[in-house]
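**Q** Following this line is coords15.csv, made up of CSV, C-alpha atoms (C1' of nucleotides):
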```csv
chain,number,residue,atom,x,y,z
A,1393,MET,CA,34.8,9.9,-28.0
A,1394,THR,CA,34.2,12.0,-24.9
A,1395,ILE,CA,30.8,13.0,-23.5
A,1396,SER,CA,31.4,16.6,-24.6
A,1397,GLU,CA,32.0,15.6,-28.2
A,1398,VAL,CA,29.0,13.3,-28.2
A,1399,SER,CA,26.9,16.1,-26.6
A,1400,GLU,CA,28.1,18.5,-29.3
A,1401,LYS,CA,27.5,16.0,-32.1
A,1402,TYR,CA,23.9,15.1,-31.3
A,1403,GLY,CA,22.7,18.2,-29.5
A,1404,LEU,CA,21.9,16.3,-26.3
A,1405,SER,CA,23.2,17.7,-23.0
A,1406,GLN,CA,25.8,15.8,-21.1
A,1407,ASP,CA,23.3,15.5,-18.3
A,1408,THR,CA,20.8,13.9,-20.8
A,1409,LEU,CA,23.4,11.5,-22.1
A,1410,ARG,CA,24.3,10.4,-18.6
A,1411,TYR,CA,20.6,10.2,-17.7
A,1412,TYR,CA,19.9,8.0,-20.7
A,1413,GLU,CA,22.6,5.6,-19.7
A,1414,ARG,CA,21.6,5.6,-16.1
A,1415,ILE,CA,18.0,4.6,-16.8
A,1416,GLY,CA,18.9,2.2,-19.6
A,1417,VAL,CA,17.7,4.1,-22.8
A,1418,ILE,CA,21.2,3.3,-24.1
A,1419,PRO,CA,23.4,0.4,-22.9
A,1420,PRO,CA,26.3,1.1,-20.5
A,1421,VAL,CA,29.2,2.9,-22.0
A,1422,LYS,CA,32.8,1.6,-21.4
A,1423,ARG,CA,35.1,3.8,-19.3
A,1424,LYS,CA,38.7,4.7,-19.7
A,1425,ALA,CA,41.1,5.6,-16.9
A,1426,GLY,CA,39.4,7.5,-14.1
A,1427,GLY,CA,35.9,6.2,-14.9
A,1428,VAL,CA,35.6,8.6,-17.8
A,1429,ARG,CA,33.1,7.6,-20.6
A,1430,ASP,CA,34.6,6.7,-23.9
A,1431,TYR,CA,31.8,6.3,-26.5
A,1432,THR,CA,32.3,3.8,-29.3
A,1433,GLU,CA,30.6,3.8,-32.7
A,1434,GLU,CA,28.1,1.3,-31.4
A,1435,ASP,CA,27.3,3.6,-28.5
A,1436,LEU,CA,26.7,6.4,-30.9
A,1437,GLY,CA,24.4,4.2,-32.9
A,1438,TRP,CA,22.3,3.7,-29.7
A,1439,ILE,CA,22.3,7.4,-29.0
A,1440,GLU,CA,21.2,8.2,-32.5
A,1441,LEU,CA,18.4,5.7,-32.3
A,1442,ALA,CA,17.2,7.0,-29.0
A,1443,LYS,CA,17.3,10.6,-30.3
A,1444,CYS,CA,15.4,9.7,-33.5
A,1445,MET,CA,12.7,7.8,-31.6
A,1446,ARG,CA,12.4,10.3,-28.8
A,1447,SER,CA,12.0,13.1,-31.3
A,1448,ALA,CA,9.1,11.2,-32.8
A,1449,GLY,CA,7.5,10.8,-29.3
A,1450,LEU,CA,8.3,7.2,-28.4
A,1451,SER,CA,8.4,6.8,-24.6
A,1452,MET,CA,11.5,6.2,-22.6
A,1453,GLU,CA,9.9,3.0,-21.3
A,1454,ALA,CA,9.7,1.5,-24.8
A,1455,LEU,CA,13.3,2.4,-25.5
A,1456,ILE,CA,14.4,0.9,-22.2
A,1457,GLN,CA,12.5,-2.3,-23.0
A,1458,TYR,CA,14.1,-2.6,-26.4
A,1459,VAL,CA,17.6,-2.1,-25.0
A,1460,ASN,CA,17.0,-4.7,-22.3
A,1461,LEU,CA,15.8,-7.2,-24.9
A,1462,ALA,CA,18.7,-6.4,-27.2
A,1463,ARG,CA,21.2,-7.0,-24.4
A,1464,GLN,CA,19.7,-10.5,-23.8
A,1465,GLY,CA,20.7,-11.7,-27.2
A,1466,ASP,CA,19.1,-13.7,-30.0
A,1467,GLU,CA,16.4,-15.3,-28.0
A,1468,THR,CA,14.6,-12.0,-27.8
A,1469,ILE,CA,14.4,-11.4,-31.5
A,1470,ALA,CA,10.7,-12.1,-31.7
A,1471,ALA,CA,9.9,-10.0,-28.7
A,1472,ARG,CA,11.9,-7.1,-30.1
A,1473,ARG,CA,10.1,-7.3,-33.5
A,1474,ASP,CA,6.8,-7.3,-31.7
A,1475,LEU,CA,7.8,-4.3,-29.6
A,1476,LEU,CA,8.9,-2.4,-32.8
A,1477,ASN,CA,5.6,-3.3,-34.4
A,1478,ASP,CA,3.7,-1.9,-31.5
A,1479,GLN,CA,5.7,1.3,-31.5
A,1480,ARG,CA,5.1,1.6,-35.2
A,1481,LYS,CA,1.4,1.4,-34.7
A,1482,GLN,CA,1.6,4.2,-32.1
A,1483,LEU,CA,3.6,6.3,-34.5
A,1484,MET,CA,1.0,5.9,-37.2
A,1485,LYS,CA,-1.7,7.1,-34.8
A,1486,GLN,CA,0.3,10.1,-34.0
A,1487,TYR,CA,0.9,10.7,-37.6
A,1488,GLU,CA,-2.8,10.7,-38.3
A,1489,ALA,CA,-3.5,13.0,-35.3
A,1490,ILE,CA,-1.0,15.5,-36.7
A,1491,ARG,CA,-2.4,15.3,-40.2
A,1492,ALA,CA,-5.9,16.0,-38.9
A,1493,ALA,CA,-4.6,19.0,-36.7
A,1494,LYS,CA,-2.7,20.3,-39.7
A,1495,GLU,CA,-5.7,20.2,-41.9
A,1496,ARG,CA,-7.7,22.1,-39.3
A,1497,LEU,CA,-5.0,24.6,-38.8
A,1498,ASP,CA,-4.7,25.2,-42.6
A,1499,TYR,CA,-8.5,25.8,-42.7
A,1500,LYS,CA,-8.3,28.3,-39.8
A,1501,ILE,CA,-5.3,30.0,-41.3
A,1502,SER,CA,-7.0,30.5,-44.6
A,1503,ARG,CA,-9.9,32.1,-42.9
A,1504,TYR,CA,-7.6,34.4,-41.0
A,1505,ASP,CA,-5.9,35.3,-44.2
A,1506,GLU,CA,-9.2,36.3,-45.6
A,1507,ALA,CA,-10.1,38.1,-42.4
A,1508,MET,CA,-6.9,40.2,-42.7
A,1509,GLU,CA,-8.5,41.9,-45.6
A,1510,THR,CA,-11.9,42.7,-44.1
A,1511,GLY,CA,-10.5,43.3,-40.6
A,1512,ARG,CA,-12.9,40.9,-38.9
A,1513,LEU,CA,-13.8,37.3,-38.6
A,1514,SER,CA,-17.5,36.5,-38.5
A,1515,TRP,CA,-17.6,32.7,-38.0
A,1516,ASP,CA,-15.4,30.3,-36.1
A,1517,LYS,CA,-15.3,26.6,-36.0
B,603,MET,CA,-25.0,19.9,-21.8
B,604,THR,CA,-23.6,18.7,-18.5
B,605,ILE,CA,-20.0,18.0,-17.8
B,606,SER,CA,-20.6,14.2,-17.6
B,607,GLU,CA,-22.2,14.3,-21.1
B,608,VAL,CA,-19.3,16.3,-22.5
B,609,SER,CA,-16.8,14.0,-20.8
B,610,GLU,CA,-18.5,11.0,-22.3
B,611,LYS,CA,-18.8,12.6,-25.8
B,612,TYR,CA,-15.1,13.6,-26.1
B,613,GLY,CA,-13.4,11.0,-23.9
B,614,LEU,CA,-11.9,13.7,-21.6
B,615,SER,CA,-12.3,13.2,-17.9
B,616,GLN,CA,-14.4,15.7,-15.9
B,617,ASP,CA,-11.3,16.7,-14.1
B,618,THR,CA,-9.6,17.4,-17.3
B,619,LEU,CA,-12.5,19.5,-18.6
B,620,ARG,CA,-12.5,21.6,-15.4
B,621,TYR,CA,-8.7,21.9,-15.6
B,622,TYR,CA,-8.8,23.1,-19.2
B,623,GLU,CA,-11.3,25.8,-18.2
B,624,ARG,CA,-9.4,26.8,-15.1
B,625,ILE,CA,-6.2,27.4,-16.9
B,626,GLY,CA,-7.8,28.9,-19.9
B,627,VAL,CA,-7.4,26.3,-22.6
B,628,ILE,CA,-11.1,26.8,-23.2
B,629,PRO,CA,-13.1,30.0,-22.3
B,630,PRO,CA,-15.2,30.1,-19.2
B,631,VAL,CA,-18.4,28.0,-19.4
B,632,LYS,CA,-21.7,29.5,-18.3
B,633,ARG,CA,-23.3,28.1,-15.2
B,634,LYS,CA,-26.9,27.2,-14.5
B,635,ALA,CA,-28.5,27.2,-11.0
B,636,GLY,CA,-26.1,26.0,-8.3
B,637,GLY,CA,-23.0,26.9,-10.3
B,638,VAL,CA,-23.3,23.8,-12.4
B,639,ARG,CA,-21.6,24.0,-15.9
B,640,ASP,CA,-24.0,24.1,-18.9
B,641,TYR,CA,-21.9,23.6,-22.1
B,642,THR,CA,-23.1,25.4,-25.2
B,643,GLU,CA,-22.4,24.3,-28.8
B,644,GLU,CA,-19.7,27.0,-28.9
B,645,ASP,CA,-18.1,25.5,-25.7
B,646,LEU,CA,-18.1,22.1,-27.4
B,647,GLY,CA,-16.3,23.7,-30.4
B,648,TRP,CA,-13.5,24.9,-28.1
B,649,ILE,CA,-13.2,21.6,-26.5
B,650,GLU,CA,-13.0,19.8,-29.7
B,651,LEU,CA,-10.4,22.2,-31.0
B,652,ALA,CA,-8.3,21.7,-27.8
B,653,LYS,CA,-8.6,17.9,-28.0
B,654,CYS,CA,-7.6,17.9,-31.7
B,655,MET,CA,-4.6,20.2,-31.1
B,656,ARG,CA,-3.5,18.5,-27.9
B,657,SER,CA,-3.6,15.0,-29.5
B,658,ALA,CA,-1.2,16.4,-32.2
B,659,GLY,CA,1.1,17.7,-29.5
B,660,LEU,CA,0.4,21.4,-29.3
B,661,SER,CA,1.3,22.9,-25.9
B,662,MET,CA,-1.3,24.0,-23.4
B,663,GLU,CA,0.5,27.4,-23.5
B,664,ALA,CA,-0.1,27.9,-27.2
B,665,LEU,CA,-3.8,27.0,-26.8
B,666,ILE,CA,-4.2,29.4,-23.8
B,667,GLN,CA,-2.6,32.2,-25.8
B,668,TYR,CA,-4.9,31.5,-28.7
B,669,VAL,CA,-8.0,31.6,-26.5
B,670,ASN,CA,-6.8,34.8,-24.8
B,671,LEU,CA,-6.4,36.5,-28.1
B,672,ALA,CA,-9.7,35.2,-29.4
B,673,ARG,CA,-11.5,36.7,-26.3
B,674,GLN,CA,-10.0,40.1,-27.0
B,675,GLY,CA,-11.9,40.4,-30.3
B,676,ASP,CA,-11.1,41.5,-33.8
B,677,GLU,CA,-7.9,43.5,-33.0
B,678,THR,CA,-6.1,40.3,-32.4
B,679,ILE,CA,-6.8,38.7,-35.8
B,680,ALA,CA,-3.2,39.2,-37.1
B,681,ALA,CA,-1.7,37.9,-33.9
B,682,ARG,CA,-3.9,34.8,-33.9
B,683,ARG,CA,-3.0,34.1,-37.5
B,684,ASP,CA,0.7,34.4,-36.6
B,685,LEU,CA,0.3,32.1,-33.7
B,686,LEU,CA,-1.5,29.5,-35.9
B,687,ASN,CA,1.3,29.8,-38.5
B,688,ASP,CA,3.9,29.2,-35.8
B,689,GLN,CA,2.1,26.1,-34.5
B,690,ARG,CA,1.7,24.8,-38.0
B,691,LYS,CA,5.4,25.1,-38.4
B,692,GLN,CA,6.0,23.1,-35.2
B,693,LEU,CA,3.5,20.5,-36.4
B,694,MET,CA,5.3,20.0,-39.7
B,695,LYS,CA,8.6,19.5,-37.9
B,696,GLN,CA,6.9,16.8,-35.7
B,697,TYR,CA,5.4,15.3,-38.8
B,698,GLU,CA,8.9,15.0,-40.3
B,699,ALA,CA,10.4,13.5,-37.1
B,700,ILE,CA,7.7,10.8,-37.1
B,701,ARG,CA,8.2,10.1,-40.8
B,702,ALA,CA,11.9,9.6,-40.2
B,703,ALA,CA,11.4,7.4,-37.2
B,704,LYS,CA,8.8,5.3,-39.0
B,705,GLU,CA,11.2,4.8,-41.9
B,706,ARG,CA,13.8,3.6,-39.5
B,707,LEU,CA,11.4,1.4,-37.7
B,708,ASP,CA,10.3,-0.1,-41.0
B,709,TYR,CA,13.8,-0.9,-41.9
B,710,LYS,CA,14.5,-2.5,-38.5
B,711,ILE,CA,11.3,-4.5,-38.6
B,712,SER,CA,12.1,-5.8,-42.0
B,713,ARG,CA,15.5,-7.0,-40.7
B,714,TYR,CA,13.8,-8.7,-37.7
B,715,ASP,CA,11.3,-10.4,-40.0
B,716,GLU,CA,14.3,-11.8,-41.9
B,717,ALA,CA,16.0,-12.8,-38.7
B,718,MET,CA,12.9,-14.7,-37.6
B,719,GLU,CA,13.8,-17.2,-40.3
B,720,THR,CA,17.5,-17.6,-39.5
B,721,GLY,CA,17.0,-17.2,-35.7
B,722,ARG,CA,19.7,-14.5,-35.4
B,723,LEU,CA,20.4,-11.0,-36.2
B,724,SER,CA,24.0,-10.3,-37.3
B,725,TRP,CA,24.1,-6.6,-37.9
B,726,ASP,CA,22.3,-3.7,-36.3
B,727,LYS,CA,22.1,-0.1,-37.1
C,193,DA,C1',-37.1,15.3,5.5
C,194,DT,C1',-33.6,12.7,4.2
C,195,DA,C1',-30.7,9.8,1.4
C,196,DG,C1',-28.3,9.6,-2.7
C,197,DC,C1',-26.1,11.5,-6.4
C,198,DA,C1',-24.0,14.7,-9.6
C,199,DC,C1',-21.7,18.6,-9.2
C,200,DC,C1',-18.7,22.3,-7.2
C,201,DT,C1',-13.9,24.5,-5.5
C,202,DG,C1',-9.2,24.8,-4.0
C,203,DG,C1',-5.4,22.4,-3.4
C,204,DA,C1',-2.3,18.5,-3.1
C,205,DG,C1',-0.3,14.5,-5.5
C,206,DT,C1',1.6,11.9,-9.7
C,207,DA,C1',4.1,10.6,-14.0
C,208,DT,C1',7.4,11.7,-17.4
C,209,DA,C1',11.5,13.5,-18.9
C,210,DC,C1',14.8,15.9,-18.0
C,211,DT,C1',18.0,19.6,-15.6
C,212,DC,C1',20.8,21.2,-12.0
C,213,DC,C1',23.9,20.9,-8.1
C,214,DA,C1',27.3,19.5,-4.6
C,215,DA,C1',31.2,17.2,-3.7
C,216,DG,C1',34.8,14.6,-5.4
C,217,DT,C1',38.5,12.5,-9.0
C,218,DC,C1',42.0,12.9,-12.2
C,219,DA,C1',45.3,14.5,-15.9
C,220,DA,C1',47.9,18.3,-17.9
C,221,DG,C1',50.1,22.7,-18.0
C,222,DA,C1',52.5,26.9,-15.4
D,1161,DT,C1',53.5,21.3,-6.7
D,1162,DC,C1',49.5,23.6,-7.5
D,1163,DT,C1',45.7,25.1,-10.1
D,1164,DT,C1',42.5,24.6,-13.8
D,1165,DG,C1',39.1,22.3,-16.2
D,1166,DA,C1',36.7,18.3,-17.8
D,1167,DC,C1',34.8,14.6,-15.9
D,1168,DT,C1',32.4,11.6,-12.2
D,1169,DT,C1',28.3,10.2,-8.9
D,1170,DG,C1',24.0,10.4,-6.3
D,1171,DG,C1',20.4,13.0,-5.4
D,1172,DA,C1',17.4,17.0,-5.5
D,1173,DG,C1',14.7,20.2,-8.3
D,1174,DT,C1',11.7,21.7,-12.3
D,1175,DA,C1',8.2,21.9,-16.1
D,1176,DT,C1',4.2,20.0,-18.1
D,1177,DA,C1',-0.1,18.0,-18.0
D,1178,DC,C1',-2.9,16.0,-15.8
D,1179,DT,C1',-5.4,13.3,-11.7
D,1180,DC,C1',-7.1,12.8,-7.2
D,1181,DC,C1',-9.2,14.2,-3.0
D,1182,DA,C1',-11.7,16.5,0.9
D,1183,DG,C1',-15.3,19.1,2.1
D,1184,DG,C1',-19.4,21.3,0.6
D,1185,DT,C1',-23.9,22.5,-2.3
D,1186,DG,C1',-28.1,21.5,-4.2
D,1187,DC,C1',-31.7,18.8,-6.9
D,1188,DT,C1',-34.6,14.6,-6.8
D,1189,DA,C1',-36.9,10.5,-5.5
D,1190,DT,C1',-38.7,7.9,-1.6
```
What would you get if you wrote out this structure as structure tokens?
**A**
Amino acid sequence: MTISEVSEKYGLSQDTLRYYERIGVIPPVKRKAGGVRDYTEEDLGWIELAKCMRSAGLSMEALIQYVNLARQGDETIAARRDLLNDQRKQLMKQYEAIRAAKERLDYKISRYDEAMETGRLSWDK
Amino acid sequence: MTISEVSEKYGLSQDTLRYYERIGVIPPVKRKAGGVRDYTEEDLGWIELAKCMRSAGLSMEALIQYVNLARQGDETIAARRDLLNDQRKQLMKQYEAIRAAKERLDYKISRYDEAMETGRLSWDK
DNA sequence: ATAGCACCTGGAGTATACTCCAAGTCAAGA
DNA sequence: TCTTGACTTGGAGTATACTCCAGGTGCTAT
């Protein structure tokens, strides 16, 4: 699969795909004649993983570490599991922060909806 | 309340508090003699709101817009409600992204936990 | 009165994550 | 053969959100 097809498929720019590979967020992609990238199914798996985790807010650094460990083989299984657990913890914190903010927004919005009838908003918190 | 007390109370650096005020994430804080900031309860409310929304990932720009509208009075009630609704939508998207990533992490972690017993990991997705 | 400390401002510097660009390679069609 | 277009690399530039710093002011305790 070419870079333009992968870019299309995942909604990531070609620059971003090359950047991810350059810094190690995904492992190196094999090239065909002329040095042109030819993405395999496995490459696509890494890209999808990176996209999923990035969209949830995981840092590039965490992804790079995970890829580095994965490339070192089975001795790093425990380290990888620990890394994933750490990231899961981060994610749960972020989840809670969003839940709290959403609750606050819902409260404010309900007050604004009321205010739309009276034309003014007397108290704000 | 002084800036050092506010910094302590909310876990935001003094630099960050001054920065938030400078760019308009919170409205201007009244000064006492010598130009020193003296935060009121209302100021603290704005800071807490900013902290809550920032921790959930809302952009500075959205907060600045909200503060600007709020400072213009009751004519902007509808605009503020719309802005809050937009931000709520963003938040729900982020919530879903995190949920999906967490699910994927949970799956991977469970496979790693299994692999800890056999010492290797045969398949990865 | 003077040393020390908390505070002030304006501006420069940093980290993260892209995003853009120049200059070059290569394969395919006119 | 020549041009076109997709691809390559290395490096520079950008946006966001801080974070740090120099130089200065003013209250307070000795």
**Q** Select from range 1393-1467 of chain A every residue with an atom at most 10 Å from any atom of range 1161-1181 of chain D, then for each give the shortest pair of atoms and their distance in Å to one decimal, using all atoms listed in the file, rows by chain and rising number, as a Markdown table.
**A**
```
| residue | atom | partner | partner_atom | distance |
| --- | --- | --- | --- | --- |
| A:Thr1394 | CA | D:DC1167 | C1' | 9.4 |
| A:Ile1395 | CA | D:DC1167 | C1' | 8.7 |
| A:Ser1396 | CA | D:DA1166 | C1' | 8.8 |
| A:Gly1426 | CA | D:DT1168 | C1' | 8.3 |
| A:Gly1427 | CA | D:DT1168 | C1' | 7.0 |
| A:Val1428 | CA | D:DC1167 | C1' | 6.3 |
| A:Arg1429 | CA | D:DC1167 | C1' | 8.6 |
```
**Q** To one decimal in Å, tell me the separation between CA of Lys1422 in chain A and CA of Arg1472 in chain A.
**A**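 Here the two named atoms are 24.3 Å from each other.
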**Q** For each of B:Met655, B:Ala680, B:Met603, B:Met718, take the minimum atom-to-atom distance to Val631 in chain B, counting all atoms listed in the file, then give the residue where this is smallest.
**A**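 When distances to Val631 in chain B are compared using all atoms listed in the file, the smallest one comes from B:Met603.
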**Q** What residues in chain B have any atom no more than 6 Å from chain A when counting all atoms listed in the file, and can you write them as a ChimeraX atom specification?
**A** /B:654-655,658,676,683,699-700,703,711,714,722
**Q** Quick check, in Å to one decimal: how far apart do CA of Lys634 in chain B and C1' of DG202 in chain C lie?
**A** 20.7 Å
**Q** Find the spatial neighbours of Glu1413 in chain A, counting all atoms listed in the file, within a cut-off of 10 Å - ignore same-chain residues fewer than 6 positions away - and output them as a PyMOL selection string.
**A** chain A and resi 1419-1421+1439+1456
**Q** Measure the distance from CA of Val1459 in chain A to CA of Val1417 in chain A in Å and round it to one decimal.
**A**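 These atoms are spaced 6.6 Å apart.
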**Q** Between C:DC210, C:DC200, C:DC218, C:DA193, which residue has the minimum interatomic distance to Arg633 in chain B, considering only C-alpha atoms (C1' of nucleotides)?
**A**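 Ranked by minimum distance to Arg633 in chain B, first place goes to C:DC200.
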**Q** Near chain D, meaning an atom within 10 Å, which residues of chain B appear when counting only C-alpha atoms (C1' of nucleotides)? Write them as number ranges by chain.
**A** B: 615, 617-618, 621-622, 635-638, 661-663
